[in-house]
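Heads up, input06.cif below (mmCIF, C-alpha atoms (C1' of nucleotides)):
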data_upload
loop_
_atom_site.label_atom_id
_atom_site.label_comp_id
_atom_site.auth_asym_id
_atom_site.auth_seq_id
_atom_site.Cartn_x
_atom_site.Cartn_y
_atom_site.Cartn_z
CA MET I 1 0.00 0.00 0.00
CA ASN I 2 2.83 2.37 0.76
CA ALA I 3 4.44 1.53 -2.54
CA ALA I 4 1.27 2.31 -4.47
CA LEU I 5 0.88 5.54 -2.57
CA THR I 6 4.46 6.49 -3.28
CA LEU I 7 3.96 6.00 -7.00
CA VAL I 8 0.77 8.03 -6.92
CA GLY I 9 2.64 10.72 -5.03
CA LYS I 10 5.18 10.82 -7.82
CA GLY I 11 2.48 11.81 -10.27
CA ARG I 12 1.38 8.45 -11.58
CA HIS I 13 -2.30 7.76 -11.78
CA PHE I 14 -3.59 4.94 -9.67
CA ALA I 15 -5.60 3.51 -12.56
CA SER I 16 -2.43 3.07 -14.58
CA LEU I 17 -0.48 1.20 -11.92
CA GLY I 18 0.25 -2.47 -12.45
CA ILE I 19 0.84 -5.22 -9.96
CA ARG I 20 4.43 -5.75 -11.00
CA GLU I 21 5.12 -2.05 -10.82
CA VAL I 22 3.81 -1.80 -7.29
CA THR I 23 5.67 -4.84 -6.05
CA ARG I 24 8.85 -3.58 -7.69
CA GLN I 25 8.50 -0.31 -5.81
CA ALA I 26 7.82 -2.28 -2.63
CA GLY I 27 11.05 -4.25 -3.13
CA VAL I 28 9.23 -7.51 -3.29
CA VAL I 29 8.61 -10.22 -5.85
CA PRO I 30 5.40 -9.89 -7.95
CA THR I 31 3.76 -13.00 -6.58
CA SER I 32 3.88 -11.62 -3.06
CA PHE I 33 1.18 -9.20 -4.09
CA TYR I 34 -1.40 -11.94 -3.97
CA ARG I 35 -0.62 -12.66 -0.34
CA HIS I 36 -2.29 -9.37 0.52
CA PHE I 37 -4.63 -8.34 -2.28
CA ARG I 38 -6.76 -10.07 -4.87
CA ASN I 39 -6.13 -7.37 -7.45
CA MET I 40 -5.46 -3.65 -7.76
CA ASP I 41 -9.04 -2.73 -7.00
CA ASP I 42 -8.72 -4.52 -3.72
CA LEU I 43 -5.61 -2.52 -2.92
CA GLY I 44 -7.52 0.63 -3.77
CA LEU I 45 -10.32 -0.26 -1.40
CA GLN I 46 -7.92 -0.78 1.46
CA LEU I 47 -6.34 2.55 0.67
CA VAL I 48 -9.75 4.16 0.95
CA ASP I 49 -10.06 2.72 4.44
CA GLU I 50 -6.74 4.22 5.44
CA LEU I 51 -7.78 7.47 3.85
CA GLY I 52 -10.72 7.46 6.22
CA LEU I 53 -8.31 7.43 9.14
CA VAL I 54 -6.39 10.37 7.73
CA LEU I 55 -9.59 12.37 7.35
CA ARG I 56 -10.70 11.53 10.88
CA ARG I 57 -7.39 12.66 12.31
CA MET I 58 -7.81 15.90 10.43
CA MET I 59 -11.30 16.37 11.79
CA ARG I 60 -10.15 15.74 15.32
CA GLU I 61 -7.39 18.29 15.06
CA ALA I 62 -9.84 20.82 13.71
CA ARG I 63 -12.23 20.19 16.57
CA GLU I 64 -9.51 20.58 19.15
CA ASN I 65 -8.04 23.76 17.74
CA VAL I 66 -10.99 25.77 16.59
CA LEU I 67 -11.86 27.55 19.78
CA GLN I 68 -13.55 30.80 18.93
CA ALA I 69 -16.06 30.90 16.14
CA ASP I 70 -14.79 33.99 14.40
CA LYS I 71 -11.59 32.29 13.31
CA LEU I 72 -13.31 29.06 12.50
CA MET I 73 -12.82 29.21 8.78
CA ASP I 74 -9.31 30.56 8.71
CA GLU I 75 -8.15 27.90 11.08
CA SER I 76 -10.05 25.05 9.49
CA VAL I 77 -8.70 25.83 6.06
CA GLY I 78 -5.24 26.09 7.56
CA ILE I 79 -5.52 22.71 9.18
CA PHE I 80 -6.83 21.24 5.96
CA ILE I 81 -3.90 22.58 4.00
CA SER I 82 -1.31 21.40 6.48
CA HIS I 83 -2.80 17.91 6.49
CA VAL I 84 -2.73 17.83 2.72
CA GLN I 85 0.92 18.82 2.84
CA ALA I 86 1.65 16.11 5.37
CA ASN I 87 -0.20 13.37 3.48
CA ARG I 88 0.15 14.52 -0.07
CA SER I 89 0.06 11.06 -1.60
CA PHE I 90 -3.12 10.16 0.20
CA PHE I 91 -4.88 13.21 -1.08
CA PHE I 92 -3.60 12.58 -4.57
CA PHE I 93 -5.20 9.20 -4.33
CA MET I 94 -8.41 10.75 -3.10
CA ALA I 95 -8.59 13.34 -5.87
CA GLN I 96 -7.93 10.66 -8.48
CA GLY I 97 -10.40 8.24 -6.99
CA LEU I 98 -13.33 10.63 -7.22
CA ALA I 99 -13.39 10.11 -10.97
CA GLY I 100 -11.50 6.87 -10.88
CA GLU I 101 -11.85 3.64 -12.74
CA SER I 102 -13.10 1.44 -9.94
CA ARG I 103 -16.70 2.09 -9.08
CA ALA I 104 -16.13 0.69 -5.60
CA VAL I 105 -13.26 3.03 -4.80
CA GLN I 106 -15.27 5.92 -6.14
CA GLU I 107 -18.21 5.08 -3.93
CA GLY I 108 -15.89 4.62 -0.97
CA ILE I 109 -14.40 8.08 -1.28
CA ARG I 110 -17.77 9.61 -1.92
CA SER I 111 -19.05 8.07 1.25
CA GLU I 112 -16.09 9.39 3.23
CA LEU I 113 -17.03 12.85 2.00
CA ARG I 114 -20.63 12.36 3.03
CA PHE I 115 -19.51 11.29 6.48
CA PHE I 116 -17.28 14.30 6.71
CA ALA I 117 -20.15 16.60 5.78
CA SER I 118 -22.45 15.10 8.37
CA GLU I 119 -19.81 15.40 11.10
CA LEU I 120 -19.34 19.00 10.11
CA ALA I 121 -23.06 19.57 10.47
CA ASN I 122 -22.96 18.09 13.97
CA ASP I 123 -20.12 20.39 14.94
CA LEU I 124 -21.86 23.48 13.65
CA ARG I 125 -24.97 22.55 15.58
CA ARG I 126 -22.94 21.93 18.69
CA LEU I 127 -21.23 25.32 18.38
CA ARG I 128 -24.69 26.86 17.93
CA LEU I 129 -23.60 28.41 14.66
CA ALA I 130 -26.53 27.15 12.66
CA ASP I 131 -29.52 27.74 14.85
CA HIS I 132 -31.46 29.47 12.13
CA LEU I 133 -31.17 26.57 9.70
CA SER I 134 -33.30 23.48 9.47
CA ASP I 135 -31.59 20.10 9.40
CA ALA I 136 -31.98 19.81 5.67
CA GLU I 137 -30.64 23.30 5.10
CA LEU I 138 -27.67 22.69 7.34
CA GLU I 139 -26.96 19.44 5.56
CA MET I 140 -27.00 21.18 2.22
CA THR I 141 -24.68 23.90 3.44
CA CYS I 142 -22.17 21.41 4.82
CA ASP I 143 -22.33 19.37 1.66
CA LEU I 144 -21.47 22.44 -0.37
CA ILE I 145 -18.64 23.32 2.01
CA VAL I 146 -17.10 19.89 1.75
CA ARG I 147 -17.35 19.95 -2.03
CA THR I 148 -15.73 23.34 -2.18
CA VAL I 149 -12.85 22.25 -0.02
CA ALA I 150 -12.51 19.04 -2.01
CA PHE I 151 -12.26 21.01 -5.20
CA SER I 152 -9.62 23.24 -3.66
CA LEU I 153 -7.72 20.05 -3.11
CA THR I 154 -7.14 19.76 -6.83
CA ASP I 155 -5.79 23.31 -6.84
CA LEU I 156 -3.52 22.47 -3.98
CA LEU I 157 -2.19 19.32 -5.57
CA GLY I 158 -1.56 21.20 -8.76
CA VAL I 159 1.10 23.45 -7.27
CA SER I 160 4.43 22.33 -5.92
CA SER I 161 4.36 21.70 -2.20
CA ASP I 162 6.94 24.36 -1.44
CA ASP I 163 5.39 27.15 -3.48
CA ASP I 164 4.29 29.10 -0.44
CA TYR I 165 2.93 31.99 -2.40
CA GLN I 166 0.53 29.95 -4.48
CA ILE I 167 -0.50 27.89 -1.49
CA ASP I 168 -1.36 31.05 0.37
CA GLN I 169 -3.43 32.23 -2.57
CA ILE I 170 -5.35 28.98 -2.50
CA ARG I 171 -5.82 29.29 1.21
CA LYS I 172 -7.25 32.77 0.88
CA ARG I 173 -9.48 31.85 -2.01
CA THR I 174 -10.85 28.79 -0.26
CA THR I 175 -11.52 30.80 2.88
CA ARG I 176 -13.42 33.40 0.93
CA PHE I 177 -15.47 30.68 -0.76
CA LEU I 178 -16.46 29.37 2.62
CA GLN I 179 -17.30 32.82 3.87
CA LEU I 180 -19.49 33.40 0.85
CA ILE I 181 -21.30 30.15 1.52
CA PHE I 182 -21.77 31.08 5.16
CA VAL I 183 -23.20 34.46 4.27
CA GLY I 184 -25.57 32.68 1.94
CA ALA I 185 -26.61 30.28 4.67
CA ALA I 186 -27.13 33.15 7.10
CA HIS I 187 -29.60 34.85 4.78
CA TRP I 188 -31.06 31.75 3.24
CA GLN I 189 -34.33 31.73 5.12
CA SER I 190 -35.05 35.44 5.04
CA ASP I 191 -34.43 35.58 1.31
CA ARG I 192 -36.67 32.65 0.57
CA ALA I 193 -39.51 33.95 2.67
CA MET N 1 -9.97 10.36 -30.64
CA ASN N 2 -13.45 8.90 -30.90
CA ALA N 3 -12.11 5.50 -30.00
CA ALA N 4 -10.42 6.84 -26.88
CA LEU N 5 -13.59 8.65 -25.90
CA THR N 6 -15.64 5.54 -26.43
CA LEU N 7 -13.41 3.55 -24.11
CA VAL N 8 -13.55 6.28 -21.49
CA GLY N 9 -17.32 6.32 -21.87
CA LYS N 10 -17.35 2.62 -21.11
CA GLY N 11 -15.79 3.27 -17.73
CA ARG N 12 -12.12 2.93 -18.51
CA HIS N 13 -9.79 5.59 -17.17
CA PHE N 14 -7.93 7.59 -19.75
CA ALA N 15 -4.65 7.16 -17.89
CA SER N 16 -4.89 3.41 -18.25
CA LEU N 17 -5.50 3.37 -22.00
CA GLY N 18 -2.78 2.09 -24.27
CA ILE N 19 -1.99 2.88 -27.86
CA ARG N 20 -2.79 -0.60 -29.09
CA GLU N 21 -6.05 -0.62 -27.21
CA VAL N 22 -7.18 2.65 -28.74
CA THR N 23 -6.23 1.68 -32.28
CA ARG N 24 -7.96 -1.67 -31.83
CA GLN N 25 -11.14 0.14 -30.84
CA ALA N 26 -10.69 2.45 -33.81
CA GLY N 27 -10.44 -0.55 -36.13
CA VAL N 28 -7.00 0.40 -37.28
CA VAL N 29 -3.52 -1.05 -37.04
CA PRO N 30 -1.38 0.14 -34.08
CA THR N 31 1.21 1.92 -36.17
CA SER N 32 -1.43 4.20 -37.64
CA PHE N 33 -1.63 5.88 -34.27
CA TYR N 34 1.65 7.66 -34.92
CA ARG N 35 0.27 9.27 -38.07
CA HIS N 36 -1.89 11.44 -35.81
CA PHE N 37 -0.39 11.59 -32.34
CA ARG N 38 3.04 11.42 -30.80
CA ASN N 39 1.78 9.59 -27.73
CA MET N 40 -1.28 9.28 -25.52
CA ASP N 41 -0.66 12.63 -23.85
CA ASP N 42 -0.85 14.24 -27.25
CA LEU N 43 -4.18 12.57 -27.89
CA GLY N 44 -5.36 13.85 -24.52
CA LEU N 45 -4.42 17.40 -25.37
CA GLN N 46 -6.36 17.29 -28.60
CA LEU N 47 -9.33 15.94 -26.72
CA VAL N 48 -9.12 18.92 -24.40
CA ASP N 49 -9.38 21.18 -27.40
CA GLU N 50 -12.50 19.42 -28.58
CA LEU N 51 -13.84 19.57 -25.06
CA GLY N 52 -13.51 23.33 -25.30
CA LEU N 53 -15.87 23.28 -28.27
CA VAL N 54 -18.41 21.24 -26.37
CA LEU N 55 -18.34 23.67 -23.49
CA ARG N 56 -18.70 26.64 -25.78
CA ARG N 57 -21.73 25.12 -27.46
CA MET N 58 -23.24 24.60 -24.05
CA MET N 59 -22.58 28.22 -23.10
CA ARG N 60 -24.15 29.47 -26.29
CA GLU N 61 -27.28 27.45 -25.74
CA ALA N 62 -27.54 28.78 -22.21
CA ARG N 63 -27.19 32.35 -23.39
CA GLU N 64 -29.88 31.89 -26.02
CA ASN N 65 -32.40 30.22 -23.77
CA VAL N 66 -32.09 31.99 -20.47
CA LEU N 67 -34.47 34.85 -21.05
CA GLN N 68 -35.83 35.97 -17.72
CA ALA N 69 -33.54 36.18 -14.74
CA ASP N 70 -35.78 34.42 -12.26
CA LYS N 71 -35.45 31.08 -14.03
CA LEU N 72 -31.77 31.57 -14.75
CA MET N 73 -30.50 28.89 -12.46
CA ASP N 74 -33.13 26.27 -13.12
CA GLU N 75 -32.64 26.56 -16.83
CA SER N 76 -28.87 26.73 -16.75
CA VAL N 77 -28.60 23.63 -14.62
CA GLY N 78 -31.05 21.92 -16.95
CA ILE N 79 -29.00 22.79 -19.98
CA PHE N 80 -25.87 21.63 -18.25
CA ILE N 81 -27.40 18.28 -17.43
CA SER N 82 -28.75 17.72 -20.90
CA HIS N 83 -25.38 18.50 -22.44
CA VAL N 84 -23.70 16.07 -20.09
CA GLN N 85 -26.20 13.43 -21.15
CA ALA N 86 -25.55 14.17 -24.80
CA ASN N 87 -21.75 14.12 -24.48
CA ARG N 88 -21.25 11.74 -21.62
CA SER N 89 -17.87 10.49 -22.74
CA PHE N 90 -16.49 13.97 -23.07
CA PHE N 91 -17.49 14.86 -19.58
CA PHE N 92 -16.08 11.62 -18.26
CA PHE N 93 -12.83 12.65 -19.83
CA MET N 94 -13.08 16.07 -18.25
CA ALA N 95 -13.79 14.73 -14.78
CA GLN N 96 -10.89 12.31 -15.05
CA GLY N 97 -8.52 14.88 -16.43
CA LEU N 98 -8.93 17.25 -13.50
CA ALA N 99 -6.87 14.91 -11.38
CA GLY N 100 -5.26 13.14 -14.28
CA GLU N 101 -1.80 11.91 -14.96
CA SER N 102 -0.75 14.40 -17.59
CA ARG N 103 0.03 17.79 -16.18
CA ALA N 104 -0.66 19.37 -19.55
CA VAL N 105 -4.14 17.91 -19.86
CA GLN N 106 -4.86 18.93 -16.31
CA GLU N 107 -3.83 22.49 -16.95
CA GLY N 108 -5.82 22.51 -20.18
CA ILE N 109 -9.06 21.53 -18.48
CA ARG N 110 -8.42 23.91 -15.64
CA SER N 111 -8.00 26.73 -18.09
CA GLU N 112 -11.24 25.81 -19.83
CA LEU N 113 -12.96 26.13 -16.48
CA ARG N 114 -11.37 29.51 -15.88
CA PHE N 115 -12.55 30.68 -19.25
CA PHE N 116 -16.00 29.42 -18.50
CA ALA N 117 -16.07 31.31 -15.21
CA SER N 118 -14.99 34.54 -16.82
CA GLU N 119 -17.61 34.25 -19.55
CA LEU N 120 -20.19 33.65 -16.87
CA ALA N 121 -19.07 36.81 -15.12
CA ASN N 122 -19.51 38.76 -18.35
CA ASP N 123 -23.00 37.43 -18.78
CA LEU N 124 -24.04 38.30 -15.26
CA ARG N 125 -22.73 41.80 -15.73
CA ARG N 126 -24.56 42.11 -19.00
CA LEU N 127 -27.81 40.96 -17.44
CA ARG N 128 -27.20 43.51 -14.66
CA LEU N 129 -27.49 40.80 -12.06
CA ALA N 130 -24.30 41.65 -10.27
CA ASP N 131 -24.32 45.41 -10.02
CA HIS N 132 -23.58 45.39 -6.32
CA LEU N 133 -20.42 43.32 -6.70
CA SER N 134 -16.95 44.50 -7.54
CA ASP N 135 -15.10 42.78 -10.36
CA ALA N 136 -13.08 40.73 -7.95
CA GLU N 137 -16.13 39.70 -5.99
CA LEU N 138 -18.00 38.73 -9.12
CA GLU N 139 -15.05 36.73 -10.31
CA MET N 140 -14.90 34.87 -7.05
CA THR N 141 -18.61 34.12 -7.16
CA CYS N 142 -18.45 32.79 -10.70
CA ASP N 143 -15.41 30.72 -9.85
CA LEU N 144 -17.31 29.10 -6.99
CA ILE N 145 -20.31 28.51 -9.23
CA VAL N 146 -18.26 26.79 -11.88
CA ARG N 147 -16.55 24.63 -9.30
CA THR N 148 -19.84 23.63 -7.77
CA VAL N 149 -21.27 22.64 -11.12
CA ALA N 150 -18.08 20.79 -11.99
CA PHE N 151 -18.32 18.82 -8.81
CA SER N 152 -21.93 17.98 -9.55
CA LEU N 153 -20.57 16.51 -12.73
CA THR N 154 -19.00 13.70 -10.77
CA ASP N 155 -22.36 13.03 -9.13
CA LEU N 156 -24.02 12.98 -12.50
CA LEU N 157 -21.49 10.62 -14.04
CA GLY N 158 -21.84 8.34 -11.04
CA VAL N 159 -25.46 7.46 -11.78
CA SER N 160 -26.72 5.61 -14.81
CA SER N 161 -27.82 7.94 -17.58
CA ASP N 162 -31.41 6.71 -17.53
CA ASP N 163 -31.96 6.92 -13.80
CA ASP N 164 -34.29 9.87 -14.06
CA TYR N 165 -35.05 10.01 -10.38
CA GLN N 166 -31.45 10.33 -9.28
CA ILE N 167 -30.68 12.78 -12.04
CA ASP N 168 -33.53 14.93 -10.89
CA GLN N 169 -32.21 14.82 -7.35
CA ILE N 170 -28.85 16.01 -8.59
CA ARG N 171 -30.49 18.73 -10.59
CA LYS N 172 -32.38 20.00 -7.56
CA ARG N 173 -29.38 19.82 -5.30
CA THR N 174 -27.14 21.65 -7.76
CA THR N 175 -29.75 24.35 -8.24
CA ARG N 176 -30.04 24.89 -4.51
CA PHE N 177 -26.27 25.10 -4.21
CA LEU N 178 -26.27 27.84 -6.79
CA GLN N 179 -29.11 29.65 -5.07
CA LEU N 180 -27.22 29.51 -1.81
CA ILE N 181 -24.17 30.98 -3.48
CA PHE N 182 -26.26 33.72 -5.05
CA VAL N 183 -27.83 34.62 -1.73
CA GLY N 184 -24.35 34.81 -0.31
CA ALA N 185 -23.21 37.06 -3.10
CA ALA N 186 -26.24 39.29 -2.68
CA HIS N 187 -25.42 39.93 0.98
CA TRP N 188 -21.67 39.75 0.66
CA GLN N 189 -21.00 43.47 0.88
CA SER N 190 -23.50 44.35 3.59
CA ASP N 191 -22.26 41.55 5.80
CA ARG N 192 -18.65 42.52 5.40
CA ALA N 193 -19.28 46.17 6.14
"C1'" DC J 1 -2.75 11.58 -66.33
"C1'" DA J 2 1.29 11.81 -63.25
"C1'" DC J 3 2.77 13.20 -58.91
"C1'" DC J 4 3.11 13.71 -53.94
"C1'" DG J 5 1.67 14.14 -49.35
"C1'" DT J 6 -1.22 11.78 -46.18
"C1'" DT J 7 -3.12 7.71 -44.09
"C1'" DG J 8 -3.09 2.87 -43.38
"C1'" DT J 9 -0.70 -1.96 -43.51
"C1'" DG J 10 2.36 -6.01 -42.14
"C1'" DT J 11 6.08 -7.73 -39.97
"C1'" DA J 12 9.25 -7.70 -36.46
"C1'" DC J 13 11.45 -7.29 -31.78
"C1'" DA J 14 12.55 -6.70 -27.24
"C1'" DG J 15 10.35 -5.69 -22.95
"C1'" DT J 16 6.48 -5.94 -19.78
"C1'" DT J 17 2.31 -7.71 -17.95
"C1'" DG J 18 -0.89 -10.86 -14.89
"C1'" DT J 19 -1.12 -15.23 -12.94
"C1'" DT J 20 0.16 -20.28 -11.79
"C1'" DC J 21 2.70 -23.37 -8.99
"C1'" DA J 22 5.78 -25.63 -5.83
"C1'" DC J 23 9.12 -24.19 -2.68
"C1'" DT J 24 11.42 -21.73 1.38
"C1'" DA J 25 11.94 -18.25 5.20
"C1'" DA J 26 9.89 -15.97 8.93
"C1'" DT J 27 6.65 -15.48 12.65
"C1'" DG J 28 4.22 -16.11 16.81
"C1'" DT J 29 1.38 -19.48 19.75
"C1'" DG J 30 0.73 -23.73 22.51
"C1'" DC D 1 11.14 -26.47 21.29
"C1'" DA D 2 7.66 -27.98 17.76
"C1'" DC D 3 4.13 -26.64 14.88
"C1'" DA D 4 1.00 -24.05 11.96
"C1'" DT D 5 0.17 -19.97 9.78
"C1'" DT D 6 1.70 -16.19 7.14
"C1'" DA D 7 4.84 -13.81 3.99
"C1'" DG D 8 8.19 -14.04 0.47
"C1'" DT D 9 10.71 -16.58 -3.54
"C1'" DG D 10 11.91 -18.29 -8.29
"C1'" DA D 11 10.94 -20.04 -12.58
"C1'" DA D 12 7.69 -20.35 -16.13
"C1'" DC D 13 3.96 -19.01 -19.54
"C1'" DA D 14 1.18 -16.96 -22.84
"C1'" DA D 15 -0.53 -12.55 -23.79
"C1'" DC D 16 0.17 -8.02 -24.44
"C1'" DT D 17 2.81 -3.62 -24.87
"C1'" DG D 18 5.30 0.50 -27.46
"C1'" DT D 19 7.86 1.46 -31.29
"C1'" DA D 20 10.60 0.91 -35.82
"C1'" DC D 21 10.73 0.19 -40.65
"C1'" DA D 22 9.63 -0.52 -45.40
"C1'" DC D 23 5.79 -0.76 -48.22
"C1'" DA D 24 0.91 -0.04 -50.25
"C1'" DA D 25 -3.52 2.45 -50.98
"C1'" DC D 26 -5.65 6.78 -51.14
"C1'" DG D 27 -6.88 11.76 -52.42
"C1'" DG D 28 -6.36 15.97 -54.22
"C1'" DT D 29 -3.52 19.37 -57.19
"C1'" DG D 30 -0.72 20.76 -61.08
#
Could I get this structure in the form of structure tokens?
Amino acid sequence: MNAALTLVGKGRHFASLGIREVTRQAGVVPTSFYRHFRNMDDLGLQLVDELGLVLRRMMREARENVLQADKLMDESVGIFISHVQANRSFFFFMAQGLAGESRAVQEGIRSELRFFASELANDLRRLRLADHLSDAELEMTCDLIVRTVAFSLTDLLGVSSDDDYQIDQIRKRTTRFLQLIFVGAAHWQSDRA
Amino acid sequence: MNAALTLVGKGRHFASLGIREVTRQAGVVPTSFYRHFRNMDDLGLQLVDELGLVLRRMMREARENVLQADKLMDESVGIFISHVQANRSFFFFMAQGLAGESRAVQEGIRSELRFFASELANDLRRLRLADHLSDAELEMTCDLIVRTVAFSLTDLLGVSSDDDYQIDQIRKRTTRFLQLIFVGAAHWQSDRA
DNA sequence: CACCGTTGTGTACAGTTGTTCACTAATGTG
DNA sequence: CACATTAGTGAACAACTGTACACAACGGTG
């Protein structure tokens, strides 16, 4: 799994990886592959599971560090970006998998995102930041937030990891996107009435 | 190019296609490939160019058919969805390319999206729907809109093309996302002041 | 018609791929 | 320590890959 991730991190696409290639990178004979996985799709599915762990760690850190509500977005986006930097290969895999070849991997990642959105909704409720929204409205808002951040991921992965200027641009842009969405959510009901 | 698109439309990932595979699908001998393309990346780049045409056609149709502003979003999302249905393979290619293997293809698609966003900004200005926004604010809003629709693309490609119920769900959800963004844009300045 | 640039063909080759099988090394549990 | 499970090995195979080259059909222009 590390070998596959390494190759993905080097710019290869997961869908184009072969068994021999992965085992070569792992420093192991091709047949050993079958001791652990039935095929590449299987490997992909297990990577999705690990990706889940990465995302949960990220969520936990966000929950612990976002103290006052007014810096919520700045800090959350910052934590997101630093986790992407620290697990670049994983997020490459995630971005690729969203439109990937294996339907199962695709569905797995999609479901991680759904989970993430629903946890985010819980947190916003808990922090009493969404009292004016119904459950369905809150869910929609969080869904849109997660999508927006996920799309920023492709921006982030498109620039070199030490290009601080560009990364800061992406950070600012993403933060403003989220602010715009929040403003929309704040006035959602009154505007619809 | 049609052969490659066909394979992508059948669920294969562009990054995993080989020259022989494509020429086989095209009903042509492998060596013929080199008469037209230097390698698969080259093919991908030419597909991006054609994708640009598809997007432009879509934009034109939207401009012609969106008459009154109050149905703007409903109709635009509808047009988007019908164009995706009509050019499914192309949009598969686009979704894949955003996190694809070839940096050049990636950048090509990204730049198509930027172009799309800037055209959208022009249209909104022209329709006098964004008079309260500065250029930068309008640009940001349109960027977010295009991203949101692009992400919905992955939803759309994830369901079978004749699952009318699911497609309608996606249509509604996307429309609400856009409405939320518009509400946000409408109150952006007053909230920031 | 003769000519030439473009597209397509057939053959060839060396390298890579997925998967099989029987075998050996390592590991941890009673 | 002995044993059973797990992980890794090596050789083998047929199928497939990208690419090279010389040659043939085609299509339009002078």
So that each row is one residue of range 24-76 of chain I with an atom at most 10 Å from range 10-27 of chain J, can you give its shortest atom pair and the distance in Å to one decimal, using only C-alpha atoms (C1' of nucleotides), rows by chain and rising number, as a Markdown table?
| residue | atom | partner | partner_atom | distance |
| --- | --- | --- | --- | --- |
| I:Pro30 | CA | J:DG18 | C1' | 9.4 |
| I:Thr31 | CA | J:DT19 | C1' | 8.3 |
| I:Tyr34 | CA | J:DT19 | C1' | 9.6 |
| I:Asn39 | CA | J:DG18 | C1' | 9.7 |
- Item | Answer key for the PyMOL selection byres ((chain I) within 12 of (chain D)), residues as a list of chain:residue names | I:Thr23, I:Gly27, I:Val28, I:Val29, I:Pro30, I:Thr31, I:Ser32, I:Phe33, I:Tyr34, I:Arg35, I:His36
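With all atoms listed in the file as the atoms that count, the minimum distance from chain I to the choices N:Asp123, N:Glu137, N:Asp155, N:Glu101 is reached by N:Glu101.
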- Message: What would the selection look like, as number ranges by chain, if the PyMOL selection byres ((chain N) within 10 of (chain I)) were run on the coordinates I just shared?
- Response: N: 8, 11-18, 92-103, 106-107, 110, 137, 140-141, 143-145, 147-148, 150-155, 157-158, 173-174, 176-192
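Separating CA of Ser160 in chain I from CA of Val77 in chain I is a distance of 18.1 Å.
Taking CA of Phe90 in chain N and CA of Ala3 in chain N as endpoints, the distance between them is 11.8 Å.
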- Kindly determine which residues of chain J lie within 9 Å of chain N, considering all atoms listed in the file, and give the answer as a ChimeraX atom specification. /J:6-9
- Students should find that CA of Val84 in chain I and CA of Val149 in chain N are spaced 23.6 Å
- Query: Pick from I:Glu112, I:Leu67, I:Leu5, I:Leu72: nearest to Asp49 in chain I, with all atoms listed in the file counted?
  - Reply: I:Glu112
- Message: What's around Val66 in chain I at 9 Å? Count only C-alpha atoms (C1' of nucleotides), leave out sequence neighbours fewer than 6 positions away in its own chain, and write the answer as number ranges by chain.
- Response: I: 72-73, 75-76
Could you save those same residues with C-alpha atoms as a PDB file, keeping the file's coordinate frame?
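What landed in again26.pdb:
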ATOM      1  CA  LEU I  72     -13.310  29.060  12.500  1.00  0.00           C
ATOM      2  CA  MET I  73     -12.820  29.210   8.780  1.00  0.00           C
ATOM      3  CA  GLU I  75      -8.150  27.900  11.080  1.00  0.00           C
ATOM      4  CA  SER I  76     -10.050  25.050   9.490  1.00  0.00           C
TER       5      SER I  76
END
Listed atoms of range 120-132 of chain I boxed axis-aligned with 4 Å per side, centre + edges as lines of an AutoDock Vina configuration file:
center_x = -25.4
center_y = 23.8
center_z = 14.4
size_x = 20.1
size_y = 19.4
size_z = 16.6
- Skip Val54 in chain I itself and residues of its chain fewer than 6 positions away, then list as a count of residues only all residues within 12 Å of it, counting all atoms listed in the file. 16
- Task: Tell me, as a PyMOL selection string, which residues lie within 12 Å of Asp135 in chain I, counting only C-alpha atoms (C1' of nucleotides); anything in the same chain fewer than 5 positions away does not count.
- Result: chain I and resi 118+121-122+124-125+130+140-142
